[in-house]
Amino acid sequence: MELQFEWEQVAAFVRQPDGSLFSWRERFTCFRYLIYGIVNKTNSEISLKFDDKEFYWKQNESLLRRLEDEGVVKLVFPLHEEIKRKQLLRNWALNWHDFTWQPIDEVYSYFGTKIATYFAFLGMYTRWLFFPAVSGLATQLIDFGY
């Protein structure tokens with residue numbers, strides 16, 4: 001669900017665990033909306049040049065889309081926040097004490113809802129497969145005559 005943010009309603013928004021108003025994913029979505037929203041509002045085409053190549057920015061066309069189409073910009077993506085990435089690596093990927101624990105709140109604030117839901121499902125699925133795995137191993141050992 002998408003809501004328009006109004007500063008007067010800031011108290012209605014839940015703050016993220018790091019204290020920011022928007023999650024990393026929401027900030028990236030706003031950033032992407034802003035940079036793709038740069039359009040030619042003039043009444044004529046604007047000539048652009050790059051590496052001896054000339055192309056035209058048409059009226060009401062997104063500048064970034066034109067630059068992507070012409071090969072000037074290859075891809076727009078966010079860079080990792082190195083401190084948060086290293087913290088996730090320590091607390092999640094290199095967690096040798098409890099293989100089933102996952103920092104879902106931190107994953108949510110860093111990667112967003114889809115990724116956090118995916119890993120929460122995988123964690124639950126892995127925990128529930130532990131019981132059939134143990135019974136299958138016991139059955140296999142009994143079947144071999146141990």
# chains A, B, ... in the order shown; residues from 1 in each chain; ligands from 1

call {"tool": "select_by_dssp", "arguments": {"residues": "segment 76-146 of chain A", "states": "helix (DSSP H, G or I)", "output": "VMD selection string"}}
result
chain A and resid 82 to 93 104 to 111 113 to 144

call {"tool": "residues_around", "arguments": {"residues": "segment 101-115 of chain A", "least_positions_apart": "3", "cutoff": "12 Å", "atoms": "only C-alpha atoms", "output": "ChimeraX atom specification"}}
result
/A:1,15-29,78-98,118-124,126-127

call {"tool": "atom_distance", "arguments": {"atom1": "atom CA of Val72 of chain A", "atom2": "atom CA of Phe50 of chain A"}}
result
7.5 Å

call {"tool": "atom_distance", "arguments": {"atom1": "atom CA of Val134 of chain A", "atom2": "atom CA of Thr117 of chain A"}}
result
26.4 Å

call {"tool": "select_by_dssp", "arguments": {"residues": "chain A", "states": "strand (DSSP E)", "output": "PyMOL selection string"}}
result
chain A and resi 46-50+53-57

call {"tool": "write_last_selection", "arguments": {"atoms": "N, CA and C atoms", "output": "CSV table (one decimal), in the first residue's frame"}}
result
chain,number,residue,atom,x,y,z
A,46,ILE,N,15.7,19.1,-26.7
A,46,ILE,CA,17.0,19.6,-26.3
A,46,ILE,C,18.1,18.7,-26.9
A,47,SER,N,19.1,19.3,-27.5
A,47,SER,CA,20.2,18.5,-28.0
A,47,SER,C,21.2,18.2,-26.9
A,48,LEU,N,21.6,16.9,-26.8
A,48,LEU,CA,22.6,16.5,-25.8
A,48,LEU,C,23.7,15.8,-26.6
A,49,LYS,N,24.9,16.0,-26.1
A,49,LYS,CA,26.1,15.4,-26.7
A,49,LYS,C,26.9,14.6,-25.7
A,50,PHE,N,27.4,13.4,-26.1
A,50,PHE,CA,28.2,12.6,-25.3
A,50,PHE,C,29.1,11.8,-26.2
A,53,LYS,N,28.7,11.9,-29.9
A,53,LYS,CA,27.4,11.3,-30.2
A,53,LYS,C,26.3,12.3,-29.8
A,54,GLU,N,25.4,12.7,-30.7
A,54,GLU,CA,24.4,13.6,-30.4
A,54,GLU,C,23.1,13.0,-30.4
A,55,PHE,N,22.3,13.3,-29.4
A,55,PHE,CA,20.9,12.7,-29.4
A,55,PHE,C,20.0,13.8,-28.8
A,56,TYR,N,18.7,13.6,-28.9
A,56,TYR,CA,17.7,14.6,-28.5
A,56,TYR,C,16.9,14.2,-27.4
A,57,TRP,N,16.7,15.1,-26.4
A,57,TRP,CA,15.8,14.8,-25.3
A,57,TRP,C,14.5,15.4,-25.6

call {"tool": "atom_distance", "arguments": {"atom1": "atom CA of Tyr36 of chain A", "atom2": "atom CA of Ala11 of chain A"}}
result
28.8 Å

call {"tool": "decode", "arguments": {"residues": "segment 16-142 of chain A", "atoms": "C-alpha atoms", "output": "PDB file, in the first residue's frame"}}
result
ATOM      1  CA  GLN A  16      12.643   2.355  11.664  1.00  0.00           C
ATOM      2  CA  PRO A  17      14.884   0.508  14.161  1.00  0.00           C
ATOM      3  CA  ASP A  18      17.748   2.867  13.270  1.00  0.00           C
ATOM      4  CA  GLY A  19      15.539   5.909  14.023  1.00  0.00           C
ATOM      5  CA  SER A  20      15.022   7.012  10.429  1.00  0.00           C
ATOM      6  CA  LEU A  21      11.581   7.836   9.136  1.00  0.00           C
ATOM      7  CA  PHE A  22      11.745   5.593   6.066  1.00  0.00           C
ATOM      8  CA  SER A  23      13.250   2.182   5.482  1.00  0.00           C
ATOM      9  CA  TRP A  24      16.206   1.793   3.168  1.00  0.00           C
ATOM     10  CA  ARG A  25      13.905   0.428   0.450  1.00  0.00           C
ATOM     11  CA  GLU A  26      11.456   3.327   0.823  1.00  0.00           C
ATOM     12  CA  ARG A  27      14.315   5.846   0.608  1.00  0.00           C
ATOM     13  CA  PHE A  28      15.577   4.169  -2.554  1.00  0.00           C
ATOM     14  CA  THR A  29      12.061   4.218  -4.039  1.00  0.00           C
ATOM     15  CA  CYS A  30      11.821   7.969  -3.332  1.00  0.00           C
ATOM     16  CA  PHE A  31      15.278   8.543  -4.797  1.00  0.00           C
ATOM     17  CA  ARG A  32      14.411   6.551  -7.921  1.00  0.00           C
ATOM     18  CA  TYR A  33      11.136   8.460  -8.327  1.00  0.00           C
ATOM     19  CA  LEU A  34      12.992  11.776  -8.093  1.00  0.00           C
ATOM     20  CA  ILE A  35      15.759  11.002 -10.574  1.00  0.00           C
ATOM     21  CA  TYR A  36      13.460   9.349 -13.099  1.00  0.00           C
ATOM     22  CA  GLY A  37      11.066  12.291 -12.673  1.00  0.00           C
ATOM     23  CA  ILE A  38      13.473  14.753 -14.310  1.00  0.00           C
ATOM     24  CA  VAL A  39      11.662  15.467 -17.578  1.00  0.00           C
ATOM     25  CA  ASN A  40      11.997  17.988 -20.385  1.00  0.00           C
ATOM     26  CA  LYS A  41       9.330  20.607 -19.622  1.00  0.00           C
ATOM     27  CA  THR A  42      10.316  22.919 -22.479  1.00  0.00           C
ATOM     28  CA  ASN A  43       8.325  23.219 -25.682  1.00  0.00           C
ATOM     29  CA  SER A  44      11.148  21.857 -27.824  1.00  0.00           C
ATOM     30  CA  GLU A  45      13.672  19.049 -27.996  1.00  0.00           C
ATOM     31  CA  ILE A  46      17.018  19.603 -26.316  1.00  0.00           C
ATOM     32  CA  SER A  47      20.194  18.500 -28.036  1.00  0.00           C
ATOM     33  CA  LEU A  48      22.553  16.456 -25.847  1.00  0.00           C
ATOM     34  CA  LYS A  49      26.094  15.399 -26.740  1.00  0.00           C
ATOM     35  CA  PHE A  50      28.231  12.626 -25.285  1.00  0.00           C
ATOM     36  CA  ASP A  51      31.440  11.166 -26.776  1.00  0.00           C
ATOM     37  CA  ASP A  52      30.901  12.722 -30.213  1.00  0.00           C
ATOM     38  CA  LYS A  53      27.372  11.318 -30.234  1.00  0.00           C
ATOM     39  CA  GLU A  54      24.409  13.649 -30.442  1.00  0.00           C
ATOM     40  CA  PHE A  55      20.890  12.741 -29.382  1.00  0.00           C
ATOM     41  CA  TYR A  56      17.729  14.635 -28.537  1.00  0.00           C
ATOM     42  CA  TRP A  57      15.837  14.849 -25.277  1.00  0.00           C
ATOM     43  CA  LYS A  58      12.196  15.009 -26.308  1.00  0.00           C
ATOM     44  CA  GLN A  59       9.444  16.990 -24.642  1.00  0.00           C
ATOM     45  CA  ASN A  60       7.958  15.293 -21.513  1.00  0.00           C
ATOM     46  CA  GLU A  61      10.578  12.524 -21.697  1.00  0.00           C
ATOM     47  CA  SER A  62      12.543  11.317 -18.668  1.00  0.00           C
ATOM     48  CA  LEU A  63      16.191  12.373 -18.883  1.00  0.00           C
ATOM     49  CA  LEU A  64      17.465   9.212 -17.225  1.00  0.00           C
ATOM     50  CA  ARG A  65      15.420   6.980 -19.549  1.00  0.00           C
ATOM     51  CA  ARG A  66      16.887   8.820 -22.556  1.00  0.00           C
ATOM     52  CA  LEU A  67      20.415   8.438 -21.155  1.00  0.00           C
ATOM     53  CA  GLU A  68      19.795   4.720 -20.575  1.00  0.00           C
ATOM     54  CA  ASP A  69      18.401   4.278 -24.093  1.00  0.00           C
ATOM     55  CA  GLU A  70      21.470   5.984 -25.567  1.00  0.00           C
ATOM     56  CA  GLY A  71      23.883   3.908 -23.493  1.00  0.00           C
ATOM     57  CA  VAL A  72      25.269   6.851 -21.528  1.00  0.00           C
ATOM     58  CA  VAL A  73      23.901   5.401 -18.270  1.00  0.00           C
ATOM     59  CA  LYS A  74      23.973   1.633 -18.013  1.00  0.00           C
ATOM     60  CA  LEU A  75      22.261   0.993 -14.683  1.00  0.00           C
ATOM     61  CA  VAL A  76      20.988   2.844 -11.624  1.00  0.00           C
ATOM     62  CA  PHE A  77      21.199   0.929  -8.359  1.00  0.00           C
ATOM     63  CA  PRO A  78      21.875   1.741  -4.709  1.00  0.00           C
ATOM     64  CA  LEU A  79      25.228   1.140  -3.095  1.00  0.00           C
ATOM     65  CA  HIS A  80      25.454  -0.833   0.120  1.00  0.00           C
ATOM     66  CA  GLU A  81      25.792   0.917   3.440  1.00  0.00           C
ATOM     67  CA  GLU A  82      29.049  -0.723   4.468  1.00  0.00           C
ATOM     68  CA  ILE A  83      28.582  -0.530   8.250  1.00  0.00           C
ATOM     69  CA  LYS A  84      25.096  -2.065   8.127  1.00  0.00           C
ATOM     70  CA  ARG A  85      26.212  -4.679   5.609  1.00  0.00           C
ATOM     71  CA  LYS A  86      29.092  -5.787   7.838  1.00  0.00           C
ATOM     72  CA  GLN A  87      26.796  -5.880  10.861  1.00  0.00           C
ATOM     73  CA  LEU A  88      24.351  -8.106   8.953  1.00  0.00           C
ATOM     74  CA  LEU A  89      27.224 -10.332   7.850  1.00  0.00           C
ATOM     75  CA  ARG A  90      28.421 -10.786  11.449  1.00  0.00           C
ATOM     76  CA  ASN A  91      24.973 -11.303  12.982  1.00  0.00           C
ATOM     77  CA  TRP A  92      23.441 -13.382  10.231  1.00  0.00           C
ATOM     78  CA  ALA A  93      25.743 -15.069   7.741  1.00  0.00           C
ATOM     79  CA  LEU A  94      28.571 -15.781  10.186  1.00  0.00           C
ATOM     80  CA  ASN A  95      26.298 -16.860  13.052  1.00  0.00           C
ATOM     81  CA  TRP A  96      27.737 -20.240  14.121  1.00  0.00           C
ATOM     82  CA  HIS A  97      25.912 -20.415  17.469  1.00  0.00           C
ATOM     83  CA  ASP A  98      22.314 -20.703  16.277  1.00  0.00           C
ATOM     84  CA  PHE A  99      21.783 -21.722  12.670  1.00  0.00           C
ATOM     85  CA  THR A 100      18.018 -21.123  12.765  1.00  0.00           C
ATOM     86  CA  TRP A 101      18.082 -17.561  14.145  1.00  0.00           C
ATOM     87  CA  GLN A 102      17.776 -14.755  11.622  1.00  0.00           C
ATOM     88  CA  PRO A 103      17.740 -10.985  12.295  1.00  0.00           C
ATOM     89  CA  ILE A 104      14.520 -10.464  10.322  1.00  0.00           C
ATOM     90  CA  ASP A 105      14.019  -6.888  11.602  1.00  0.00           C
ATOM     91  CA  GLU A 106      17.493  -5.885  10.430  1.00  0.00           C
ATOM     92  CA  VAL A 107      16.969  -7.661   7.096  1.00  0.00           C
ATOM     93  CA  TYR A 108      13.664  -5.801   6.714  1.00  0.00           C
ATOM     94  CA  SER A 109      15.180  -2.399   7.454  1.00  0.00           C
ATOM     95  CA  TYR A 110      18.107  -3.017   5.082  1.00  0.00           C
ATOM     96  CA  PHE A 111      16.578  -4.954   2.166  1.00  0.00           C
ATOM     97  CA  GLY A 112      12.837  -4.305   2.454  1.00  0.00           C
ATOM     98  CA  THR A 113       9.661  -6.305   2.855  1.00  0.00           C
ATOM     99  CA  LYS A 114      10.031  -8.837   0.033  1.00  0.00           C
ATOM    100  CA  ILE A 115      13.504 -10.032   1.020  1.00  0.00           C
ATOM    101  CA  ALA A 116      12.650 -10.145   4.743  1.00  0.00           C
ATOM    102  CA  THR A 117       9.487 -12.153   4.053  1.00  0.00           C
ATOM    103  CA  TYR A 118      11.443 -14.559   1.863  1.00  0.00           C
ATOM    104  CA  PHE A 119      14.075 -15.240   4.527  1.00  0.00           C
ATOM    105  CA  ALA A 120      11.464 -15.457   7.307  1.00  0.00           C
ATOM    106  CA  PHE A 121       9.692 -18.130   5.247  1.00  0.00           C
ATOM    107  CA  LEU A 122      12.963 -19.988   4.609  1.00  0.00           C
ATOM    108  CA  GLY A 123      13.785 -19.918   8.324  1.00  0.00           C
ATOM    109  CA  MET A 124      10.367 -21.291   9.256  1.00  0.00           C
ATOM    110  CA  TYR A 125      10.566 -23.911   6.503  1.00  0.00           C
ATOM    111  CA  THR A 126      14.026 -25.026   7.642  1.00  0.00           C
ATOM    112  CA  ARG A 127      12.878 -25.358  11.266  1.00  0.00           C
ATOM    113  CA  TRP A 128       9.868 -27.443  10.262  1.00  0.00           C
ATOM    114  CA  LEU A 129      11.994 -29.709   8.056  1.00  0.00           C
ATOM    115  CA  PHE A 130      14.222 -30.543  11.017  1.00  0.00           C
ATOM    116  CA  PHE A 131      11.678 -33.041  12.428  1.00  0.00           C
ATOM    117  CA  PRO A 132      11.146 -35.011   9.189  1.00  0.00           C
ATOM    118  CA  ALA A 133      14.928 -35.013   8.660  1.00  0.00           C
ATOM    119  CA  VAL A 134      15.556 -36.540  12.093  1.00  0.00           C
ATOM    120  CA  SER A 135      12.843 -39.178  11.629  1.00  0.00           C
ATOM    121  CA  GLY A 136      14.135 -39.957   8.124  1.00  0.00           C
ATOM    122  CA  LEU A 137      17.683 -40.329   9.432  1.00  0.00           C
ATOM    123  CA  ALA A 138      16.467 -42.613  12.243  1.00  0.00           C
ATOM    124  CA  THR A 139      14.489 -44.724   9.759  1.00  0.00           C
ATOM    125  CA  GLN A 140      17.513 -44.954   7.464  1.00  0.00           C
ATOM    126  CA  LEU A 141      19.813 -46.018  10.308  1.00  0.00           C
ATOM    127  CA  ILE A 142      17.306 -48.647  11.494  1.00  0.00           C
TER     128      ILE A 142
END
